[in-house]
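K.L.:
So here's query_6.cif, just mmCIF, C-alpha atoms and all ligand atoms:
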data_input
#
loop_
_atom_site.group_PDB
_atom_site.id
_atom_site.type_symbol
_atom_site.label_atom_id
_atom_site.label_comp_id
_atom_site.auth_asym_id
_atom_site.auth_seq_id
_atom_site.Cartn_x
_atom_site.Cartn_y
_atom_site.Cartn_z
ATOM 1 C CA MET A 1 93.906 70.361 97.255
ATOM 2 C CA SER A 2 95.814 69.383 94.161
ATOM 3 C CA PHE A 3 97.712 71.653 91.811
ATOM 4 C CA THR A 4 96.340 72.433 88.350
ATOM 5 C CA LEU A 5 98.062 74.156 85.453
ATOM 6 C CA PRO A 6 95.978 77.233 84.561
ATOM 7 C CA GLU A 7 95.408 78.367 80.993
ATOM 8 C CA LEU A 8 97.387 81.477 80.081
ATOM 9 C CA PRO A 9 95.080 84.529 80.323
ATOM 10 C CA TYR A 10 96.098 85.484 76.741
ATOM 11 C CA SER A 11 97.300 83.655 73.640
ATOM 12 C CA HIS A 12 100.890 82.438 73.367
ATOM 13 C CA ASP A 13 101.506 85.168 70.753
ATOM 14 C CA ALA A 14 99.990 88.004 72.769
ATOM 15 C CA LEU A 15 103.110 89.278 74.544
ATOM 16 C CA ALA A 16 105.400 89.332 71.504
ATOM 17 C CA PRO A 17 107.849 90.809 70.750
ATOM 18 C CA TYR A 18 108.631 91.339 74.446
ATOM 19 C CA MET A 19 107.969 87.709 75.358
ATOM 20 C CA SER A 20 107.708 85.326 72.442
ATOM 21 C CA ARG A 21 105.408 82.407 71.691
ATOM 22 C CA GLU A 22 108.406 80.081 71.972
ATOM 23 C CA THR A 23 109.262 81.372 75.462
ATOM 24 C CA LEU A 24 105.668 80.941 76.657
ATOM 25 C CA GLU A 25 105.449 77.456 75.129
ATOM 26 C CA TYR A 26 108.486 76.364 77.103
ATOM 27 C CA HIS A 27 107.849 78.431 80.200
ATOM 28 C CA HIS A 28 104.125 77.830 80.705
ATOM 29 C CA ASP A 29 103.487 74.561 78.854
ATOM 30 C CA LYS A 30 106.629 72.758 80.038
ATOM 31 C CA HIS A 31 108.271 74.428 83.053
ATOM 32 C CA HIS A 32 105.108 75.414 84.930
ATOM 33 C CA LYS A 33 103.510 72.072 84.034
ATOM 34 C CA ALA A 34 106.505 70.251 85.540
ATOM 35 C CA TYR A 35 106.078 72.188 88.822
ATOM 36 C CA VAL A 36 102.411 71.170 88.883
ATOM 37 C CA ASP A 37 103.068 67.501 88.098
ATOM 38 C CA ASN A 38 106.016 67.147 90.486
ATOM 39 C CA GLY A 39 104.203 69.166 93.135
ATOM 40 C CA ASN A 40 101.218 66.807 93.015
ATOM 41 C CA LYS A 41 103.470 63.758 93.405
ATOM 42 C CA LEU A 42 105.310 65.307 96.355
ATOM 43 C CA LEU A 43 102.117 66.598 97.988
ATOM 44 C CA ALA A 44 100.804 63.043 98.329
ATOM 45 C CA GLY A 45 101.717 61.804 101.794
ATOM 46 C CA SER A 46 103.216 65.140 102.889
ATOM 47 C CA GLY A 47 100.544 65.816 105.522
ATOM 48 C CA LEU A 48 99.697 69.118 103.807
ATOM 49 C CA GLU A 49 97.214 67.702 101.280
ATOM 50 C CA ASP A 50 94.181 69.470 102.746
ATOM 51 C CA LYS A 51 95.848 72.902 102.983
ATOM 52 C CA SER A 52 95.581 75.903 100.666
ATOM 53 C CA LEU A 53 98.425 76.579 98.242
ATOM 54 C CA GLU A 54 99.702 79.466 100.385
ATOM 55 C CA GLU A 55 99.666 77.209 103.469
ATOM 56 C CA ILE A 56 101.496 74.456 101.574
ATOM 57 C CA VAL A 57 104.206 76.931 100.492
ATOM 58 C CA LYS A 58 104.654 78.257 104.019
ATOM 59 C CA GLY A 59 104.278 74.833 105.677
ATOM 60 C CA SER A 60 106.898 73.102 103.508
ATOM 61 C CA PHE A 61 109.531 75.885 103.728
ATOM 62 C CA GLY A 62 112.649 74.590 105.470
ATOM 63 C CA LYS A 63 110.991 71.191 106.023
ATOM 64 C CA ASN A 64 110.255 69.555 102.687
ATOM 65 C CA ALA A 65 112.527 71.053 100.030
ATOM 66 C CA GLY A 66 111.140 69.110 97.080
ATOM 67 C CA LEU A 67 107.542 70.026 97.794
ATOM 68 C CA PHE A 68 108.478 73.607 98.665
ATOM 69 C CA ASN A 69 110.361 74.183 95.414
ATOM 70 C CA ASN A 70 107.488 72.948 93.261
ATOM 71 C CA ALA A 71 104.608 74.436 95.276
ATOM 72 C CA GLY A 72 106.472 77.755 95.577
ATOM 73 C CA GLN A 73 107.077 77.900 91.848
ATOM 74 C CA HIS A 74 103.447 76.948 91.159
ATOM 75 C CA TYR A 75 102.293 79.846 93.355
ATOM 76 C CA ASN A 76 104.781 82.255 91.776
ATOM 77 C CA HIS A 77 103.849 81.334 88.207
ATOM 78 C CA LEU A 78 100.071 81.373 88.810
ATOM 79 C CA HIS A 79 100.478 85.080 89.526
ATOM 80 C CA PHE A 80 103.293 85.751 87.053
ATOM 81 C CA TRP A 81 101.028 85.039 84.049
ATOM 82 C CA LYS A 82 98.421 87.430 85.441
ATOM 83 C CA TRP A 83 100.965 90.110 86.300
ATOM 84 C CA MET A 84 101.488 90.518 82.534
ATOM 85 C CA LYS A 85 99.178 91.508 79.701
ATOM 86 C CA PRO A 86 99.481 92.650 76.078
ATOM 87 C CA ASN A 87 100.189 96.400 75.885
ATOM 88 C CA GLY A 88 100.949 96.518 79.595
ATOM 89 C CA GLY A 89 103.606 98.379 81.519
ATOM 90 C CA GLY A 90 104.179 102.081 81.328
ATOM 91 C CA ASP A 91 103.518 104.810 83.852
ATOM 92 C CA LYS A 92 99.702 104.848 84.087
ATOM 93 C CA LEU A 93 98.984 103.227 87.434
ATOM 94 C CA PRO A 94 95.717 102.985 89.338
ATOM 95 C CA GLY A 95 95.547 105.946 91.736
ATOM 96 C CA LYS A 96 95.771 104.257 95.140
ATOM 97 C CA LEU A 97 98.697 102.100 94.093
ATOM 98 C CA ALA A 98 100.507 105.063 92.522
ATOM 99 C CA ALA A 99 100.097 107.085 95.728
ATOM 100 C CA LYS A 100 101.404 104.183 97.824
ATOM 101 C CA ILE A 101 104.449 103.781 95.553
ATOM 102 C CA ASP A 102 105.099 107.516 95.942
ATOM 103 C CA SER A 103 104.841 107.456 99.730
ATOM 104 C CA ASP A 104 106.605 104.136 100.454
ATOM 105 C CA LEU A 105 109.125 103.820 97.629
ATOM 106 C CA GLY A 106 109.977 107.359 96.562
ATOM 107 C CA GLY A 107 107.979 107.365 93.336
ATOM 108 C CA LEU A 108 107.532 105.204 90.259
ATOM 109 C CA ALA A 109 110.905 105.996 88.673
ATOM 110 C CA LYS A 110 112.729 105.048 91.866
ATOM 111 C CA PHE A 111 110.642 101.890 92.212
ATOM 112 C CA LYS A 112 111.506 100.818 88.646
ATOM 113 C CA GLU A 113 115.190 101.436 89.296
ATOM 114 C CA ASP A 114 115.149 99.428 92.537
ATOM 115 C CA PHE A 115 113.053 96.589 91.074
ATOM 116 C CA THR A 116 115.408 96.335 88.089
ATOM 117 C CA GLN A 117 118.436 96.291 90.407
ATOM 118 C CA ALA A 118 116.834 93.537 92.493
ATOM 119 C CA GLY A 119 116.367 91.461 89.326
ATOM 120 C CA ILE A 120 119.852 92.109 88.014
ATOM 121 C CA THR A 121 121.593 91.395 91.314
ATOM 122 C CA GLN A 122 119.706 88.167 92.061
ATOM 123 C CA PHE A 123 122.646 85.811 91.489
ATOM 124 C CA GLY A 124 121.567 82.781 89.486
ATOM 125 C CA SER A 125 117.882 81.873 89.388
ATOM 126 C CA GLY A 126 115.183 83.692 91.304
ATOM 127 C CA TRP A 127 112.639 86.478 91.351
ATOM 128 C CA ALA A 128 112.387 90.257 91.778
ATOM 129 C CA TRP A 129 109.393 91.388 93.833
ATOM 130 C CA LEU A 130 107.174 94.231 94.896
ATOM 131 C CA THR A 131 105.638 93.148 98.197
ATOM 132 C CA VAL A 132 103.391 94.353 100.977
ATOM 133 C CA LYS A 133 104.726 93.734 104.466
ATOM 134 C CA ASP A 134 103.097 95.174 107.588
ATOM 135 C CA GLY A 135 101.053 97.498 105.382
ATOM 136 C CA LYS A 136 104.076 98.924 103.563
ATOM 137 C CA LEU A 137 105.395 98.342 100.055
ATOM 138 C CA ALA A 138 108.915 96.970 99.649
ATOM 139 C CA VAL A 139 111.164 95.783 96.832
ATOM 140 C CA ALA A 140 112.770 92.380 97.375
ATOM 141 C CA LYS A 141 114.477 89.492 95.638
ATOM 142 C CA THR A 142 114.511 85.762 96.369
ATOM 143 C CA PRO A 143 116.564 82.827 95.088
ATOM 144 C CA ASN A 144 115.121 79.897 93.118
ATOM 145 C CA GLY A 145 111.439 79.244 93.884
ATOM 146 C CA GLU A 146 111.343 81.059 97.197
ATOM 147 C CA SER A 147 108.375 83.326 97.728
ATOM 148 C CA PRO A 148 108.013 86.466 99.870
ATOM 149 C CA LEU A 149 105.191 84.539 101.571
ATOM 150 C CA VAL A 150 107.780 82.719 103.690
ATOM 151 C CA HIS A 151 109.178 86.053 104.887
ATOM 152 C CA GLY A 152 105.831 87.343 106.122
ATOM 153 C CA ALA A 153 105.175 89.459 103.036
ATOM 154 C CA THR A 154 102.594 89.268 100.242
ATOM 155 C CA PRO A 155 103.916 89.602 96.704
ATOM 156 C CA ILE A 156 101.882 91.984 94.528
ATOM 157 C CA LEU A 157 104.241 91.932 91.514
ATOM 158 C CA GLY A 158 106.991 89.507 90.591
ATOM 159 C CA CYS A 159 109.362 89.089 87.678
ATOM 160 C CA ASP A 160 110.813 85.654 87.003
ATOM 161 C CA VAL A 161 114.561 86.054 86.376
ATOM 162 C CA TRP A 162 115.298 82.363 85.802
ATOM 163 C CA GLU A 163 117.024 82.015 82.427
ATOM 164 C CA HIS A 164 114.043 79.992 81.117
ATOM 165 C CA SER A 165 112.027 83.212 81.323
ATOM 166 C CA TYR A 166 114.222 85.314 79.034
ATOM 167 C CA TYR A 167 117.063 83.416 77.365
ATOM 168 C CA ILE A 168 115.213 82.643 74.120
ATOM 169 C CA ASP A 169 114.277 86.308 73.599
ATOM 170 C CA TYR A 170 117.105 88.202 75.294
ATOM 171 C CA ARG A 171 119.984 85.692 75.594
ATOM 172 C CA ASN A 172 122.126 86.924 78.499
ATOM 173 C CA ARG A 173 120.644 90.457 78.558
ATOM 174 C CA ARG A 174 118.658 90.223 81.780
ATOM 175 C CA PRO A 175 118.551 94.042 82.209
ATOM 176 C CA ASP A 176 116.842 94.406 78.790
ATOM 177 C CA TYR A 177 114.285 91.784 79.786
ATOM 178 C CA LEU A 178 113.522 93.586 83.060
ATOM 179 C CA LYS A 179 113.127 96.885 81.211
ATOM 180 C CA ALA A 180 110.734 95.326 78.674
ATOM 181 C CA PHE A 181 108.773 93.724 81.521
ATOM 182 C CA LEU A 182 108.266 97.096 83.247
ATOM 183 C CA ASP A 183 107.740 99.144 80.077
ATOM 184 C CA HIS A 184 105.508 96.777 78.069
ATOM 185 C CA LEU A 185 104.197 93.819 80.049
ATOM 186 C CA VAL A 186 103.125 94.649 83.617
ATOM 187 C CA ASN A 187 99.391 94.349 84.209
ATOM 188 C CA TRP A 188 99.056 97.199 86.712
ATOM 189 C CA GLU A 189 95.344 96.506 87.181
ATOM 190 C CA TYR A 190 96.155 93.026 88.492
ATOM 191 C CA VAL A 191 98.906 94.474 90.689
ATOM 192 C CA GLU A 192 96.297 96.891 92.100
ATOM 193 C CA GLU A 193 93.934 93.961 92.682
ATOM 194 C CA THR A 194 96.535 91.956 94.640
ATOM 195 C CA PHE A 195 97.576 95.130 96.473
ATOM 196 C CA ALA A 196 93.973 95.792 97.524
ATOM 197 C CA ALA A 197 93.570 92.185 98.705
ATOM 198 C CA ALA A 198 96.835 92.348 100.678
ATOM 199 C CA THR A 199 95.985 95.608 102.446
ATOM 200 C CA LYS A 200 92.321 95.145 103.326
HETATM 201 MN MN MN3 A 301 109.695 80.393 85.576
#
Do you think you could lay out the structure here as structure tokens?
P.N.:
Amino acid sequence: MSFTLPELPYSHDALAPYMSRETLEYHHDKHHKAYVDNGNKLLAGSGLEDKSLEEIVKGSFGKNAGLFNNAGQHYNHLHFWKWMKPNGGGDKLPGKLAAKIDSDLGGLAKFKEDFTQAGITQFGSGWAWLTVKDGKLAVAKTPNGESPLVHGATPILGCDVWEHSYYIDYRNRRPDYLKAFLDHLVNWEYVEETFAAATK
């Protein structure tokens, strides 16, 4: 396979004021594009050319750092754009997912608290995650471009806490960015979709 930069599923203005046009122009059009371009260069000759993206991420982890960083970030960002939507967030979750968050994570309020803490306490660049592992939901964090995939889990929601994701709109206020992400941006229908795929 080769990596391709997807179109955003909404216009560059659609997530404002919580995520601005300028942030999406840099983040999607430049940062994600660089992961795609560099990933394609590093994929050539790696021996993983005929694998799926998930297999490339898992197969390069700990073995080919350059390819792993770019393929991992490509995978993470492919989903990140879809994990957001205009007028997203809030407390209205699809029923099955809401019930699972109640039973595995102690309810939505507790989940939001733990997810926010994961994002705040990720030192330097990385991601906060909601994952499915062995049929159970868990909150996690990873450094840099690392994905829960390499820890045997499937991410069903992720928030990019690299500075390129929030510094234009929030400066150093990462907690405010995480709150806006949960309150106004999360596409819970897409989270439900990835949850259903991960648990079937
Ligand atoms: Mn990013």
K.L.:
Taking only residues of chain A that have an atom at most 7 Å from an atom of ligand MN3 301 (chain A), what is each one's shortest atom pair and its distance in Å to one decimal, using all atoms listed in the file, in chain and number order, as a Markdown table?
P.N.:
| residue | atom | partner | partner_atom | distance |
| --- | --- | --- | --- | --- |
| A:His27 | CA | A:MN3_301 | MN | 6.0 |
| A:His31 | CA | A:MN3_301 | MN | 6.6 |
| A:His32 | CA | A:MN3_301 | MN | 6.8 |
| A:His77 | CA | A:MN3_301 | MN | 6.5 |
| A:Asp160 | CA | A:MN3_301 | MN | 5.6 |
| A:Trp162 | CA | A:MN3_301 | MN | 5.9 |
| A:His164 | CA | A:MN3_301 | MN | 6.2 |
| A:Ser165 | CA | A:MN3_301 | MN | 5.6 |
K.L.:
List the residues selected by the PyMOL selection byres (((chain A and resi 60) around 10) and not hetatm) in the file shown, writing them as a list in words.
P.N.:
Leu43, Ser46, Gly47, Leu48, Glu55, Ile56, Val57, Lys58, Gly59, Phe61, Gly62, Lys63, Asn64, Ala65, Gly66, Leu67, Phe68, Asn69, Ala71, Gly72 and Val150 of chain A
K.L.:
Can you list what the PyMOL selection byres (((chain A and resi 87-103) around 12) and not hetatm) grabs from this structure, as a PDB file with C-alpha atoms, keeping the file's coordinate frame?
P.N.:
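Done, and the output landed in result14.pdb:
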ATOM      1  CA  TYR A  10      96.098  85.484  76.741  1.00  0.00           C
ATOM      2  CA  ALA A  14      99.990  88.004  72.769  1.00  0.00           C
ATOM      3  CA  LEU A  15     103.110  89.278  74.544  1.00  0.00           C
ATOM      4  CA  ALA A  16     105.400  89.332  71.504  1.00  0.00           C
ATOM      5  CA  PRO A  17     107.849  90.809  70.750  1.00  0.00           C
ATOM      6  CA  TYR A  18     108.631  91.339  74.446  1.00  0.00           C
ATOM      7  CA  MET A  19     107.969  87.709  75.358  1.00  0.00           C
ATOM      8  CA  LYS A  82      98.421  87.430  85.441  1.00  0.00           C
ATOM      9  CA  TRP A  83     100.965  90.110  86.300  1.00  0.00           C
ATOM     10  CA  MET A  84     101.488  90.518  82.534  1.00  0.00           C
ATOM     11  CA  LYS A  85      99.178  91.508  79.701  1.00  0.00           C
ATOM     12  CA  PRO A  86      99.481  92.650  76.078  1.00  0.00           C
ATOM     13  CA  ASP A 104     106.605 104.136 100.454  1.00  0.00           C
ATOM     14  CA  LEU A 105     109.125 103.820  97.629  1.00  0.00           C
ATOM     15  CA  GLY A 106     109.977 107.359  96.562  1.00  0.00           C
ATOM     16  CA  GLY A 107     107.979 107.365  93.336  1.00  0.00           C
ATOM     17  CA  LEU A 108     107.532 105.204  90.259  1.00  0.00           C
ATOM     18  CA  ALA A 109     110.905 105.996  88.673  1.00  0.00           C
ATOM     19  CA  LYS A 110     112.729 105.048  91.866  1.00  0.00           C
ATOM     20  CA  PHE A 111     110.642 101.890  92.212  1.00  0.00           C
ATOM     21  CA  LYS A 112     111.506 100.818  88.646  1.00  0.00           C
ATOM     22  CA  ASP A 114     115.149  99.428  92.537  1.00  0.00           C
ATOM     23  CA  LEU A 130     107.174  94.231  94.896  1.00  0.00           C
ATOM     24  CA  THR A 131     105.638  93.148  98.197  1.00  0.00           C
ATOM     25  CA  VAL A 132     103.391  94.353 100.977  1.00  0.00           C
ATOM     26  CA  GLY A 135     101.053  97.498 105.382  1.00  0.00           C
ATOM     27  CA  LYS A 136     104.076  98.924 103.563  1.00  0.00           C
ATOM     28  CA  LEU A 137     105.395  98.342 100.055  1.00  0.00           C
ATOM     29  CA  ALA A 138     108.915  96.970  99.649  1.00  0.00           C
ATOM     30  CA  VAL A 139     111.164  95.783  96.832  1.00  0.00           C
ATOM     31  CA  ILE A 156     101.882  91.984  94.528  1.00  0.00           C
ATOM     32  CA  LEU A 157     104.241  91.932  91.514  1.00  0.00           C
ATOM     33  CA  LEU A 178     113.522  93.586  83.060  1.00  0.00           C
ATOM     34  CA  LYS A 179     113.127  96.885  81.211  1.00  0.00           C
ATOM     35  CA  ALA A 180     110.734  95.326  78.674  1.00  0.00           C
ATOM     36  CA  PHE A 181     108.773  93.724  81.521  1.00  0.00           C
ATOM     37  CA  LEU A 182     108.266  97.096  83.247  1.00  0.00           C
ATOM     38  CA  ASP A 183     107.740  99.144  80.077  1.00  0.00           C
ATOM     39  CA  HIS A 184     105.508  96.777  78.069  1.00  0.00           C
ATOM     40  CA  LEU A 185     104.197  93.819  80.049  1.00  0.00           C
ATOM     41  CA  VAL A 186     103.125  94.649  83.617  1.00  0.00           C
ATOM     42  CA  ASN A 187      99.391  94.349  84.209  1.00  0.00           C
ATOM     43  CA  TRP A 188      99.056  97.199  86.712  1.00  0.00           C
ATOM     44  CA  GLU A 189      95.344  96.506  87.181  1.00  0.00           C
ATOM     45  CA  TYR A 190      96.155  93.026  88.492  1.00  0.00           C
ATOM     46  CA  VAL A 191      98.906  94.474  90.689  1.00  0.00           C
ATOM     47  CA  GLU A 192      96.297  96.891  92.100  1.00  0.00           C
ATOM     48  CA  GLU A 193      93.934  93.961  92.682  1.00  0.00           C
ATOM     49  CA  THR A 194      96.535  91.956  94.640  1.00  0.00           C
ATOM     50  CA  PHE A 195      97.576  95.130  96.473  1.00  0.00           C
ATOM     51  CA  ALA A 196      93.973  95.792  97.524  1.00  0.00           C
ATOM     52  CA  ALA A 198      96.835  92.348 100.678  1.00  0.00           C
ATOM     53  CA  THR A 199      95.985  95.608 102.446  1.00  0.00           C
TER      54      THR A 199
END
K.L.:
Compare A:Met1, A:Ala128, A:Ile168, A:Val36 by their minimum atom-to-atom distance to Ser147 of chain A, counting all atoms listed in the file, and give me the closest one.
P.N.:
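Ranked by minimum distance to Ser147 of chain A, first place goes to A:Ala128.
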K.L.:
Looking at A:His28, A:Lys133, A:Lys141, A:Lys200, which one is nearest to Pro6 of chain A, with distances taken over only C-alpha atoms?
P.N.:
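The closest residue to Pro6 of chain A is A:His28.
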K.L.:
So what do you get for atom CA of Thr154 of chain A versus atom CA of Gly126 of chain A, distance-wise?
P.N.:
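Calculated distance between atom CA of Thr154 of chain A and atom CA of Gly126 of chain A is 16.4 Å.
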K.L.:
So, counting only C-alpha atoms, which residue among A:Phe80, A:Phe115, A:Phe3, A:Tyr166 is closest to Asn40 of chain A?
P.N.:
A:Phe3
K.L.:
Interatomic distance between atom CA of Ile120 of chain A and atom CA of Asp176 of chain A?
P.N.:
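Value for the atom CA of Ile120 of chain A-atom CA of Asp176 of chain A distance: 10.0 Å.
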K.L.:
Given only C-alpha atoms as the basis, pick out the residue of A:Asp169, A:Gln73, A:Pro155, A:Val161 nearest to Ala197 of chain A.
P.N.:
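Smallest distance to Ala197 of chain A is found for A:Pro155.
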K.L.:
Could you jot down the atom CA of Tyr35 of chain A to atom CA of Asn70 of chain A separation for me, Å, one decimal place?
P.N.:
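We find that atom CA of Tyr35 of chain A and atom CA of Asn70 of chain A lie 4.7 Å from each other.
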K.L.:
Restricting the calculation to all atoms listed in the file, which member of A:Thr142, A:Ser2, A:His12, A:Trp127 is positioned closest to Asn38 of chain A?
P.N.:
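Of A:Thr142, A:Ser2, A:His12, A:Trp127, the one nearest Asn38 of chain A is A:Ser2, counting all atoms listed in the file.
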K.L.:
Between A:Arg173, A:Gln117, A:Asn76, A:Asp37, which one has atoms that come closest to Leu5 of chain A, using only C-alpha atoms?
P.N.:
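Checking each candidate against Leu5 of chain A, we get A:Asp37 as the closest.
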